[in-house]
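Coordinates as given in run.txt (compact mmCIF, C-alpha atoms and all ligand atoms):
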```
# COMPACT_ATOMS: atom_id res chain seq x y z
CA MET A 1450 55.15 -163.82 -20.96
CA LEU A 1451 55.04 -166.56 -23.57
CA LYS A 1452 52.65 -165.60 -26.36
CA ILE A 1453 51.50 -168.57 -28.37
CA GLY A 1454 48.50 -169.31 -30.56
CA SER A 1455 47.50 -170.64 -33.92
CA HIS A 1456 45.91 -169.82 -37.18
CA CYS A 1457 42.16 -169.29 -36.54
CA GLY A 1458 39.18 -169.03 -38.88
CA MET A 1459 37.16 -165.88 -39.46
CA ASN A 1460 33.68 -166.85 -40.49
CA ALA A 1461 30.02 -165.85 -40.40
CA PRO A 1462 28.30 -164.87 -38.22
CA ASN A 1463 30.79 -163.74 -35.59
CA TYR A 1464 33.90 -163.01 -37.67
CA LEU A 1465 36.74 -161.52 -35.59
CA LEU A 1466 34.91 -162.20 -32.32
CA GLY A 1467 34.61 -165.84 -33.38
CA SER A 1468 38.33 -165.92 -34.18
CA VAL A 1469 39.25 -164.70 -30.70
CA GLU A 1470 36.81 -167.17 -29.13
CA GLU A 1471 38.39 -169.96 -31.18
CA ALA A 1472 41.88 -168.94 -30.01
CA LEU A 1473 40.80 -168.89 -26.37
CA SER A 1474 39.26 -172.35 -26.77
CA TYR A 1475 42.78 -173.62 -27.57
CA GLY A 1476 44.24 -172.02 -24.45
CA ALA A 1477 46.05 -169.56 -26.73
CA ASN A 1478 46.97 -165.97 -25.94
CA ALA A 1479 47.68 -164.99 -29.57
CA LEU A 1480 46.13 -165.75 -32.96
CA MET A 1481 46.52 -165.27 -36.68
CA VAL A 1482 43.68 -164.73 -39.17
CA TYR A 1483 43.14 -163.96 -42.80
CA THR A 1484 40.86 -160.93 -43.14
CA GLY A 1485 38.80 -162.98 -45.61
CA ALA A 1486 39.27 -165.98 -47.89
CA PRO A 1487 43.00 -166.03 -48.74
CA GLN A 1488 42.41 -167.09 -52.34
CA ASN A 1489 39.88 -164.41 -53.35
CA THR A 1490 39.14 -160.73 -52.85
CA ARG A 1491 35.61 -160.92 -51.37
CA ARG A 1492 35.58 -159.31 -47.93
CA GLN A 1493 32.90 -158.88 -45.29
CA ALA A 1494 32.11 -155.22 -44.48
CA LEU A 1495 34.14 -154.05 -41.49
CA ASP A 1496 31.06 -153.07 -39.48
CA LYS A 1497 29.90 -156.71 -39.65
CA CYS A 1498 33.18 -158.13 -38.31
CA ASN A 1499 32.49 -157.58 -34.59
CA ILE A 1500 35.78 -155.80 -34.12
CA GLU A 1501 34.87 -153.98 -30.92
CA ALA A 1502 33.49 -157.06 -29.23
CA ALA A 1503 36.60 -158.98 -30.30
CA HIS A 1504 38.86 -156.30 -28.81
CA ALA A 1505 36.89 -156.32 -25.55
CA LEU A 1506 37.30 -160.08 -25.29
CA MET A 1507 41.01 -159.81 -26.09
CA LEU A 1508 41.47 -157.18 -23.41
CA GLU A 1509 39.64 -159.31 -20.87
CA HIS A 1510 42.17 -162.08 -21.54
CA ASN A 1511 45.26 -159.84 -21.66
CA LEU A 1512 45.81 -160.01 -25.42
CA ASP A 1513 46.95 -156.79 -27.04
CA GLN A 1514 47.28 -155.61 -30.63
CA HIS A 1515 50.61 -157.37 -31.06
CA ASP A 1516 48.93 -160.69 -30.36
CA LEU A 1517 46.52 -160.45 -33.31
CA ILE A 1518 48.47 -161.29 -36.44
CA ILE A 1519 47.00 -160.88 -39.93
CA HIS A 1520 48.12 -163.07 -42.85
CA ALA A 1521 47.92 -161.37 -46.24
CA PRO A 1522 46.09 -163.34 -48.96
CA TYR A 1523 48.49 -165.68 -50.73
CA LEU A 1524 47.24 -164.74 -54.17
CA ILE A 1525 49.27 -161.53 -53.83
CA ASN A 1526 52.50 -161.84 -55.83
CA LEU A 1527 54.56 -158.67 -55.89
CA ALA A 1528 57.47 -160.55 -57.48
CA ASN A 1529 55.69 -161.26 -60.76
CA THR A 1530 57.39 -159.20 -63.48
CA LYS A 1531 55.86 -161.24 -66.30
CA LYS A 1532 52.23 -160.23 -65.82
CA ALA A 1533 51.58 -156.59 -65.02
CA ASP A 1534 48.01 -157.51 -64.02
CA THR A 1535 49.20 -159.79 -61.22
CA PHE A 1536 51.51 -157.11 -59.82
CA ASP A 1537 48.82 -154.41 -59.99
CA LEU A 1538 46.20 -156.64 -58.41
CA GLY A 1539 48.68 -157.48 -55.65
CA VAL A 1540 49.39 -153.83 -54.92
CA ASP A 1541 45.69 -152.89 -54.85
CA LEU A 1542 44.70 -155.83 -52.70
CA LEU A 1543 47.58 -155.29 -50.32
CA LYS A 1544 46.64 -151.61 -49.91
CA SER A 1545 43.09 -152.52 -48.94
CA GLU A 1546 44.29 -155.36 -46.68
CA ILE A 1547 46.58 -152.93 -44.87
CA GLU A 1548 43.64 -150.61 -44.19
CA ARG A 1549 41.56 -153.57 -43.10
CA SER A 1550 44.29 -154.88 -40.79
CA ILE A 1551 44.67 -151.46 -39.16
CA ALA A 1552 40.89 -151.38 -38.63
CA PHE A 1553 41.21 -154.81 -37.01
CA GLY A 1554 43.71 -153.23 -34.61
CA ALA A 1555 46.62 -155.39 -35.74
CA LYS A 1556 50.25 -154.36 -35.60
CA TYR A 1557 51.74 -157.02 -37.94
CA MET A 1558 50.71 -158.48 -41.28
CA VAL A 1559 52.52 -161.55 -42.60
CA LEU A 1560 53.26 -161.43 -46.33
CA HIS A 1561 54.84 -164.00 -48.65
CA PRO A 1562 57.48 -162.06 -50.59
CA GLY A 1563 56.32 -163.67 -53.84
CA ALA A 1564 57.48 -165.94 -56.66
CA HIS A 1565 59.60 -164.63 -59.52
CA VAL A 1566 57.96 -167.09 -61.99
CA GLY A 1567 61.20 -167.67 -63.89
CA ALA A 1568 62.54 -164.12 -64.15
CA GLY A 1569 65.16 -164.78 -61.47
CA SER A 1570 65.27 -163.64 -57.87
CA GLU A 1571 67.08 -160.40 -58.62
CA LEU A 1572 64.24 -159.08 -60.80
CA GLY A 1573 61.75 -160.57 -58.36
CA ILE A 1574 63.29 -158.65 -55.47
CA GLU A 1575 63.28 -155.42 -57.47
CA SER A 1576 59.60 -155.90 -58.17
CA ILE A 1577 58.79 -156.70 -54.54
CA VAL A 1578 60.60 -153.53 -53.44
CA LYS A 1579 58.62 -151.50 -55.97
CA GLY A 1580 55.35 -152.99 -54.70
CA LEU A 1581 56.19 -152.47 -51.04
CA ASP A 1582 57.13 -148.85 -51.70
CA LEU A 1583 53.75 -148.31 -53.37
CA VAL A 1584 51.73 -149.84 -50.55
CA ASN A 1585 53.77 -148.32 -47.75
CA ALA A 1586 53.74 -144.77 -49.13
CA ASP A 1587 50.69 -144.02 -46.96
CA ASN A 1588 51.27 -146.63 -44.28
CA ASP A 1589 52.92 -145.66 -41.02
CA GLN A 1590 51.09 -148.08 -38.74
CA LEU A 1591 51.14 -151.68 -39.88
CA VAL A 1592 54.43 -153.58 -40.04
CA ILE A 1593 54.59 -155.96 -43.01
CA ALA A 1594 56.40 -159.05 -41.80
CA LEU A 1595 57.96 -160.79 -44.82
CA GLU A 1596 57.80 -164.55 -44.42
CA THR A 1597 60.87 -166.75 -44.87
CA MET A 1598 59.98 -169.26 -47.60
CA ALA A 1599 60.92 -172.89 -48.28
CA GLY A 1600 62.20 -172.14 -51.77
CA LYS A 1601 59.52 -174.20 -53.48
CA GLY A 1602 59.36 -173.43 -57.21
CA THR A 1603 60.49 -169.85 -57.78
CA GLU A 1604 59.71 -168.49 -54.30
CA VAL A 1605 61.69 -165.44 -53.26
CA GLY A 1606 62.73 -165.21 -49.60
CA ARG A 1607 64.35 -168.62 -49.39
CA THR A 1608 67.44 -167.22 -47.67
CA PHE A 1609 67.95 -164.62 -44.97
CA GLU A 1610 70.05 -162.74 -47.53
CA GLU A 1611 67.10 -162.33 -49.92
CA ILE A 1612 64.88 -161.00 -47.12
CA ALA A 1613 67.67 -158.64 -46.02
CA GLN A 1614 68.05 -157.34 -49.57
CA ILE A 1615 64.37 -156.43 -49.76
CA ILE A 1616 64.51 -154.63 -46.41
CA SER A 1617 67.65 -152.73 -47.34
CA LYS A 1618 66.19 -151.51 -50.64
CA VAL A 1619 62.75 -150.18 -49.63
CA GLN A 1620 62.07 -146.55 -48.81
CA LYS A 1621 60.55 -147.35 -45.43
CA PRO A 1622 62.50 -150.24 -43.87
CA GLU A 1623 60.93 -149.33 -40.53
CA MET A 1624 57.57 -150.60 -41.87
CA LEU A 1625 59.01 -154.05 -42.63
CA GLY A 1626 59.60 -156.97 -40.30
CA VAL A 1627 60.16 -160.69 -40.74
CA THR A 1628 58.09 -163.80 -40.05
CA LEU A 1629 60.33 -166.77 -39.40
CA ASP A 1630 58.53 -170.00 -40.38
CA THR A 1631 60.34 -173.00 -38.90
CA CYS A 1632 59.07 -175.48 -41.51
CA HIS A 1633 60.05 -173.12 -44.30
CA ILE A 1634 63.59 -172.43 -43.05
CA ASN A 1635 64.15 -176.13 -42.39
CA ASP A 1636 63.11 -176.87 -45.96
CA ALA A 1637 65.20 -173.93 -47.17
CA GLY A 1638 68.32 -175.51 -45.64
CA TYR A 1639 68.67 -174.12 -42.09
CA ASP A 1640 69.35 -176.64 -39.32
CA LEU A 1641 67.15 -175.81 -36.32
CA SER A 1642 68.94 -178.36 -34.13
CA ASP A 1643 71.59 -175.62 -33.94
CA LEU A 1644 69.36 -172.73 -32.90
CA ASP A 1645 72.32 -170.61 -31.77
CA GLN A 1646 73.77 -170.74 -35.27
CA VAL A 1647 70.42 -169.98 -36.96
CA LEU A 1648 69.82 -166.99 -34.68
CA ALA A 1649 73.40 -165.76 -35.12
CA ASP A 1650 72.95 -165.90 -38.92
CA PHE A 1651 69.57 -164.19 -38.71
CA ASP A 1652 71.00 -161.48 -36.47
CA GLN A 1653 74.03 -160.88 -38.63
CA ILE A 1654 72.18 -160.88 -41.97
CA ILE A 1655 68.80 -159.34 -41.08
CA GLY A 1656 68.99 -158.27 -37.43
CA LEU A 1657 67.03 -159.96 -34.63
CA ASP A 1658 65.26 -156.66 -33.96
CA LYS A 1659 63.44 -157.24 -37.28
CA LEU A 1660 61.89 -160.51 -36.15
CA SER A 1661 58.15 -159.84 -35.74
CA VAL A 1662 56.42 -163.23 -35.79
CA ILE A 1663 57.40 -166.90 -35.57
CA HIS A 1664 55.41 -169.57 -37.42
CA LEU A 1665 55.95 -172.74 -35.46
CA ASN A 1666 55.55 -175.84 -37.60
CA ASP A 1667 57.27 -179.17 -37.87
CA SER A 1668 58.21 -180.30 -41.39
CA LEU A 1669 57.37 -183.48 -43.27
CA ASN A 1670 60.59 -183.17 -45.27
CA PRO A 1671 64.33 -183.07 -44.57
CA ILE A 1672 66.53 -179.98 -44.32
CA GLY A 1673 67.03 -178.36 -47.71
CA SER A 1674 64.20 -180.23 -49.46
CA HIS A 1675 62.47 -177.00 -50.65
CA LYS A 1676 59.04 -178.61 -50.22
CA ASP A 1677 56.92 -176.70 -47.64
CA ARG A 1678 54.69 -179.37 -46.13
CA HIS A 1679 53.83 -178.67 -42.50
CA ALA A 1680 53.80 -181.48 -39.92
CA ASN A 1681 52.31 -181.56 -36.44
CA ILE A 1682 54.63 -180.58 -33.60
CA GLY A 1683 56.96 -183.49 -32.86
CA GLU A 1684 55.77 -185.48 -35.89
CA GLY A 1685 58.29 -184.12 -38.37
CA THR A 1686 61.96 -183.80 -39.14
CA ILE A 1687 62.53 -180.78 -36.86
CA GLY A 1688 61.20 -182.55 -33.79
CA PHE A 1689 59.53 -181.54 -30.55
CA ASP A 1690 62.68 -180.59 -28.62
CA ASN A 1691 64.01 -178.21 -31.25
CA LEU A 1692 60.63 -176.48 -31.53
CA ALA A 1693 60.18 -176.30 -27.75
CA ARG A 1694 63.61 -174.65 -27.46
CA ILE A 1695 62.41 -171.91 -29.81
CA VAL A 1696 59.27 -171.41 -27.74
CA HIS A 1697 61.24 -170.98 -24.52
CA ASP A 1698 64.35 -169.18 -25.79
CA PRO A 1699 64.77 -165.90 -23.89
CA ARG A 1700 66.11 -164.21 -27.03
CA LEU A 1701 62.74 -164.86 -28.69
CA ALA A 1702 60.56 -164.20 -25.65
CA HIS A 1703 59.04 -161.02 -27.11
CA VAL A 1704 58.04 -162.69 -30.41
CA VAL A 1705 54.53 -164.14 -30.88
CA LYS A 1706 54.53 -167.82 -31.89
CA ILE A 1707 51.80 -169.06 -34.25
CA LEU A 1708 51.10 -172.71 -35.10
CA GLU A 1709 50.04 -173.59 -38.65
CA THR A 1710 50.07 -177.33 -38.18
CA PRO A 1711 47.59 -179.60 -39.99
CA TYR A 1712 44.28 -180.76 -38.57
CA ILE A 1713 44.22 -184.36 -37.34
CA ASP A 1714 41.18 -186.40 -38.47
CA GLY A 1715 39.32 -183.14 -39.10
CA ASN A 1716 40.11 -181.69 -35.66
CA PRO A 1717 42.40 -178.79 -34.76
CA PRO A 1718 45.49 -180.00 -32.88
CA TYR A 1719 46.26 -176.60 -31.37
CA ASP A 1720 44.91 -177.11 -27.85
CA GLU A 1721 47.19 -180.09 -27.25
CA GLU A 1722 50.17 -178.74 -29.14
CA ILE A 1723 50.07 -175.46 -27.21
CA LYS A 1724 49.78 -177.32 -23.92
CA ALA A 1725 52.70 -179.62 -24.75
CA LEU A 1726 54.92 -176.73 -25.87
CA ARG A 1727 54.09 -174.59 -22.84
CA ASN A 1728 54.87 -177.45 -20.48
CA ALA A 1729 57.92 -178.74 -22.31
CA GLU A 1730 60.85 -179.74 -20.13
CA LEU A 1731 63.95 -178.79 -22.02
CA SER A 1732 66.86 -181.17 -21.91
CA LYS A 1733 70.28 -179.57 -21.77
CA LYS A 1734 72.05 -179.37 -25.09
FE FE A 1801 52.45 -168.00 -44.80
FE FE A 1802 53.95 -169.80 -42.35
ZN ZN A 1803 54.13 -173.18 -45.36
```
Mind converting the file's structure to structure tokens?
Ligand code: FE
Ligand code: FE
Ligand code: ZN
Amino acid sequence: MLKIGSHCGMNAPNYLLGSVEEALSYGANALMVYTGAPQNTRRQALDKCNIEAAHALMLEHNLDQHDLIIHAPYLINLANTKKADTFDLGVDLLKSEIERSIAFGAKYMVLHPGAHVGAGSELGIESIVKGLDLVNADNDQLVIALETMAGKGTEVGRTFEEIAQIISKVQKPEMLGVTLDTCHINDAGYDLSDLDQVLADFDQIIGLDKLSVIHLNDSLNPIGSHKDRHANIGEGTIGFDNLARIVHDPRLAHVVKILETPYIDGNPPYDEEIKALRNAELSKK
């Protein structure tokens, strides 16, 4: 069954229950949340997050633990070799976010690999591997799904090769997966109008069995621009048909698709985007 949803909020007073209600209001059968504000470390106590009620509502609507995706806070930067503080804070925060995500009943957590801040991607990758080994030493439950990045600034993870290097170097590769963000890979230089080629590359370099989550976004910028600005579905350079093909490709049927498209005039576009993608009629290519 097609699993598709969007980024959802997690706010007072209902927290996770409110997130699931929001997802259902979009006609979604999957969702992604931050466990708290992505830019700070303040977190609501777990017993106030309505986890059980959220799970009951998920169950009622046939959503399971694979359909609740967590996004790690983006202030975590395991690739920073220039400031020990940043690395240490990232490791500590990631450890507590892993525990929190497991308590939320999630199976996957999306993580930006990090930015090497000028030290070069080789040192950045080494540092990411060190950080992942630290946080995964006690983790045998939550898969950390490294996100493919646009290559803005000094971002690591701008090629499938860089992601593959990280996975091949960690002590527990089985606890890593990959989040493929369509806007990011477009901006990184991959041409999604040739999905067969992109998937063949991904399979050869990383392995399709490692694909855990898809972030489905159009892009405001052309292929290879290294910008990372998301566009609404069909309003960008990737285009509706290429995104709809991803949604309905049998090779990707088991992978949850999450929209992170921008609000339109202050309103979430997800209801309509999900409907359009579900009902897309694919032209032959
Ligand atoms: Fe992300
Ligand atoms: Fe993303
Ligand atoms: Zn992005």
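Comparing A:Asp1652, A:Glu1471, A:Glu1709, A:Asp1516 by their smallest distance to Asp1630 (chain A), the closest is A:Glu1709 (using only C-alpha atoms).
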Please report, as JSON lines, each residue of chain A lying at most 9 Å from ligand FE 1801 (chain A), together with the nearest pair of atoms and the separation in Å rounded to one decimal; use all atoms listed in the file, and order rows by chain and ascending residue number.
```
{"residue": "A:His1520", "atom": "CA", "partner": "A:FE1801", "partner_atom": "FE", "distance": 6.8}
{"residue": "A:Ala1521", "atom": "CA", "partner": "A:FE1801", "partner_atom": "FE", "distance": 8.2}
{"residue": "A:Pro1522", "atom": "CA", "partner": "A:FE1801", "partner_atom": "FE", "distance": 8.9}
{"residue": "A:Tyr1523", "atom": "CA", "partner": "A:FE1801", "partner_atom": "FE", "distance": 7.5}
{"residue": "A:Val1559", "atom": "CA", "partner": "A:FE1801", "partner_atom": "FE", "distance": 6.8}
{"residue": "A:Leu1560", "atom": "CA", "partner": "A:FE1801", "partner_atom": "FE", "distance": 6.8}
{"residue": "A:His1561", "atom": "CA", "partner": "A:FE1801", "partner_atom": "FE", "distance": 6.0}
{"residue": "A:Glu1596", "atom": "CA", "partner": "A:FE1801", "partner_atom": "FE", "distance": 6.4}
{"residue": "A:Thr1597", "atom": "CA", "partner": "A:FE1801", "partner_atom": "FE", "distance": 8.5}
{"residue": "A:Met1598", "atom": "CA", "partner": "A:FE1801", "partner_atom": "FE", "distance": 8.1}
{"residue": "A:Thr1628", "atom": "CA", "partner": "A:FE1801", "partner_atom": "FE", "distance": 8.5}
{"residue": "A:Asp1630", "atom": "CA", "partner": "A:FE1801", "partner_atom": "FE", "distance": 7.8}
{"residue": "A:His1664", "atom": "CA", "partner": "A:FE1801", "partner_atom": "FE", "distance": 8.1}
{"residue": "A:Glu1709", "atom": "CA", "partner": "A:FE1801", "partner_atom": "FE", "distance": 8.7}
```
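For the pair CA of Met1558 (chain A) and CA of Phe1689 (chain A), the separation is 26.9 Å.
Using all atoms listed in the file, the nearest neighbour of Ala1552 (chain A) within the list A:Asp1690, A:Glu1722, A:Asp1587, A:Glu1501 is A:Glu1501.
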What residues of the protein or nucleic acid chains come within 7 Å of ligand ZN 1803 (chain A) when you use only C-alpha atoms and all ligand atoms? Reply as JSON, numbers by chain. {"A": [1632, 1633, 1677, 1678, 1679]}
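Counting only C-alpha atoms, the residue from A:Ile1634, A:Leu1665, A:Ile1551, A:Pro1699 that sits nearest to Tyr1719 (chain A) is A:Leu1665.
Using all atoms listed in the file, the nearest neighbour of ligand FE 1802 (chain A) within the list A:Ala1472, A:Ile1713, A:Ile1663, A:Leu1692 is A:Ile1663.
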Which residues come within 12 Å of Ser1576 (chain A), counting only C-alpha atoms, excluding same-chain residues fewer than 4 positions away, as a PyMOL selection string? chain A and resi 1526-1533+1535-1537+1539-1540+1562-1566+1568-1572+1580-1583+1605+1615+1618-1619
With all atoms listed in the file as the basis for distance, which of A:Leu1641, A:Ile1518, A:Ala1486, A:Ala1461 is at the shortest distance from Leu1708 (chain A)? A:Ile1518
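If all atoms listed in the file are the atoms counted, then among A:Lys1706, A:Arg1549, A:His1515, A:Lys1497 the closest residue to ligand FE 1802 (chain A) is A:Lys1706.
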